[in-house]
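For reference, the structure is listed below as structure tokens.
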Amino acid sequence: MAKERISYFDNIKALLILLVVVGHFVNGLTSITDSHAVKVLADWIYTFHMPVFIFVSGLFGAHVYSKEKGFAVENVMLYVVLYLVFIMLSWVEHSLMAGEVTSFNPFYASAAPWYLLALALLSLTLPVFARMKPVWGLLLAVVLSVANGAWNQDVNFLAVSRTLTYLPAYLLGYYIGGGVLGTWVRNVREHGFTFGGLQVPFRALYGAAALVLVGLLCAYYVLPDSYVTLIRHYSTGIHVFPEFADKAPAVPYLVWPLLRIAHCVLMLVVGWAVIVLAPYKNCGYLTTIGERTLQVYIGHMLVYYFYNHLQISDIFCPMFGWWPLACIAIGVALTCLLATFPQPNRWVRSLKGWLKRISVSGDPMPSK
């Protein structure tokens, strides 16, 4: 039973990392082509893939902190070390491609490494929020998330803005817990659910979840680009209310934080849809991808940086109308390729074990 639940969460992570990788390649086309469909697809992916990823990370926050076991500092240290490794690899690659030593600032988390730093910061909040009742903890998290956009701060400094943006999603996952959610999903899949005294089969829930995601995609297609861009900025932590107010001075300032709250509700609904649609049992290689999302996350960005350096999309997109489909295929293929190697997972586990030893005893060498 526990193994099936793990497979279920790995399946969710696999679907999300596929969206992350495909999203980067598709998003890169938005500055090259005027295709409305390409922009809609990129905005649709960016609206929910990282909020749901953060939620899933929160589901297992008990491994980082629980009242019974205390704070597992090695998990936070692992996130920080991986963040530093990621930005160092990115810096070396950019310097090699530029032919000169480029600037290096570990406090400026503007690209993909921000996720690892945000996880470290989110983990540090758990000793405080774990002592609060879930309703009050989530309410405070929403207040902080809304207040985050109320001043013109640098959204990339230490990933603080994104951390506060995703704090409600992370805490929601933490308060629910992976075991509770996995049990609920299994029961609903096997027995359906009761709504208004009626027994509703799971396929009805599945259809409603699919309708949510398809409906969001269709809504993006018909909504003005400015509206969709606004939602995307809210979803990615790049939402500073004063900037919005400058662009739309006729809109009362109070509207912007209210829209942030509405966005939290939207993410709750979309996240629920992803959770319902994810396969529950082991799905072979899809589940394997979910087990190795970290190496895919880091590896695909290093490949993508080089891909952009070669200006591949800039060359082929104007020549071939089907190039956006090729980018989707490249993203899927790259994800599958990077997940084939088991060694990075072993290295991370070894690193975590070493960090645990030095955090407990201060001795980096294993005892004999």
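A note on labels: chains of the structure tokens are A, B, ... as shown, every chain counts residues from 1, and ligands are counted from 1 in their shown order.
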Contacts of Ala169 (chain A) within 10 Å, only C-alpha atoms, excl. fewer than 2 positions in-chain, as a list in words: Met50, Pro51, Val52, Phe53, Ile54, Phe55, Val56, Ser57, Gly58, Leu59, Leu138, Ala141, Val142, Leu164, Thr165, Tyr166, Leu167, Leu171, Leu172, Gly173, Tyr174, Cys264, Met267, Leu268 and Gly271 of chain A
DSSP helix (DSSP H, G or I) residues within region 157-255 of chain A, as a ChimeraX atom specification: /A:160-176,178-191,202-222,225-236,241-247,255
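Nearest to Val143 (chain A) of all the residues A:Val332, A:Leu258, A:Val21, A:Val296 is A:Leu258, based on only C-alpha atoms.
Considering only region 32-220 of chain A, backbone DSSP assigns strand (DSSP E) to Tyr65, Ser66, Gly70, Phe71, Phe193, Thr194, Phe195, Leu198, Gln199 and Val200 of chain A.
Counting from CA of Val251 (chain A), the distance to CA of Arg232 (chain A) is 18.7 Å.
Coordinates place CA of Tyr285 (chain A) at a distance of 21.5 Å from CA of Val185 (chain A).
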Exercise: Trp323 (chain A) partners within 12 Å, only C-alpha atoms, chain neighbours under 3 positions left out, as a ChimeraX atom specification: /A:25-26,28-29,32-33,35,38,312-320,326-330
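The shell of residues at most 12 Å from Glu93 (chain A), with only C-alpha atoms counted and near chain neighbours (fewer than 3 positions) removed, consists of A:Phe86, A:Ile87, A:Met88, A:Leu89, A:Ser90, A:Leu96, A:Met97, A:Ala98, A:Gly99, A:Glu100, A:Val101, A:Thr102, A:Phe104, A:Met301, A:Leu302, A:Val303, A:Tyr304, A:Tyr305, A:Phe306, A:Tyr307, A:His309.
Nearest to Leu119 (chain A) of all the residues A:Leu351, A:Val135, A:Val274, A:Ala159 is A:Ala159, based on only C-alpha atoms.
Take the candidates A:Ile275, A:Ala62, A:Leu259, A:Ala245 and check each one against Phe9 (chain A) using only C-alpha atoms; the shortest distance goes to A:Ile275.
Residue nearest Val255 (chain A), chosen from A:Val146, A:Asn75, A:Val360, A:Val180 and counting only C-alpha atoms: A:Val146.
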Contact residues around Val128 (chain A) with only C-alpha atoms at 12 Å, ignoring same-chain residues under 5 positions, as number ranges by chain: A: 65-67, 70-71, 122-123, 133-134, 136-137, 140-141, 171
Please save C-alpha atoms of the selected residues as a PDB file, in the first residue's frame.
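Saved as out.pdb:
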ATOM      1  CA  TYR A  65      10.076  18.903  10.565  1.00  0.00           C
ATOM      2  CA  SER A  66       7.566  17.264  12.862  1.00  0.00           C
ATOM      3  CA  LYS A  67       6.744  17.858  16.511  1.00  0.00           C
ATOM      4  CA  GLY A  70      12.056  17.682  15.465  1.00  0.00           C
ATOM      5  CA  PHE A  71      13.928  19.459  12.671  1.00  0.00           C
ATOM      6  CA  LEU A 122      10.054  27.127   3.073  1.00  0.00           C
ATOM      7  CA  SER A 123      11.460  24.318   5.204  1.00  0.00           C
ATOM      8  CA  LYS A 133      -3.663  25.370  13.825  1.00  0.00           C
ATOM      9  CA  PRO A 134      -3.878  24.754  10.066  1.00  0.00           C
ATOM     10  CA  TRP A 136      -4.563  30.082  11.215  1.00  0.00           C
ATOM     11  CA  GLY A 137      -1.347  28.979   9.600  1.00  0.00           C
ATOM     12  CA  LEU A 140      -1.221  33.912   7.879  1.00  0.00           C
ATOM     13  CA  ALA A 141       0.470  32.387   4.824  1.00  0.00           C
ATOM     14  CA  LEU A 171       1.808  24.769   3.937  1.00  0.00           C
TER      15      LEU A 171
END
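From CA of Thr288 (chain A) back to CA of Phe341 (chain A), the distance works out to 10.2 Å.
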All residues 7 Å or closer to Leu16 (chain A), only C-alpha atoms, same chain fewer than 4 positions away omitted, as number ranges by chain: A: 12, 20, 49, 53
Selection near Val40 (chain A), 7 Å with only C-alpha atoms, sequence-local residues under 4 positions removed, as JSON, numbers by chain: {"A": [36, 44, 220, 221]}
Given only C-alpha atoms as the counted atoms, nearest of A:Ala14, A:Leu117, A:Ala262, A:Leu139 to Leu84 (chain A): A:Leu117
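Minimum distance to Phe129 (chain A) across A:Pro113, A:Ala248, A:Lys356, A:Gly61 (counting only C-alpha atoms) occurs at A:Gly61.
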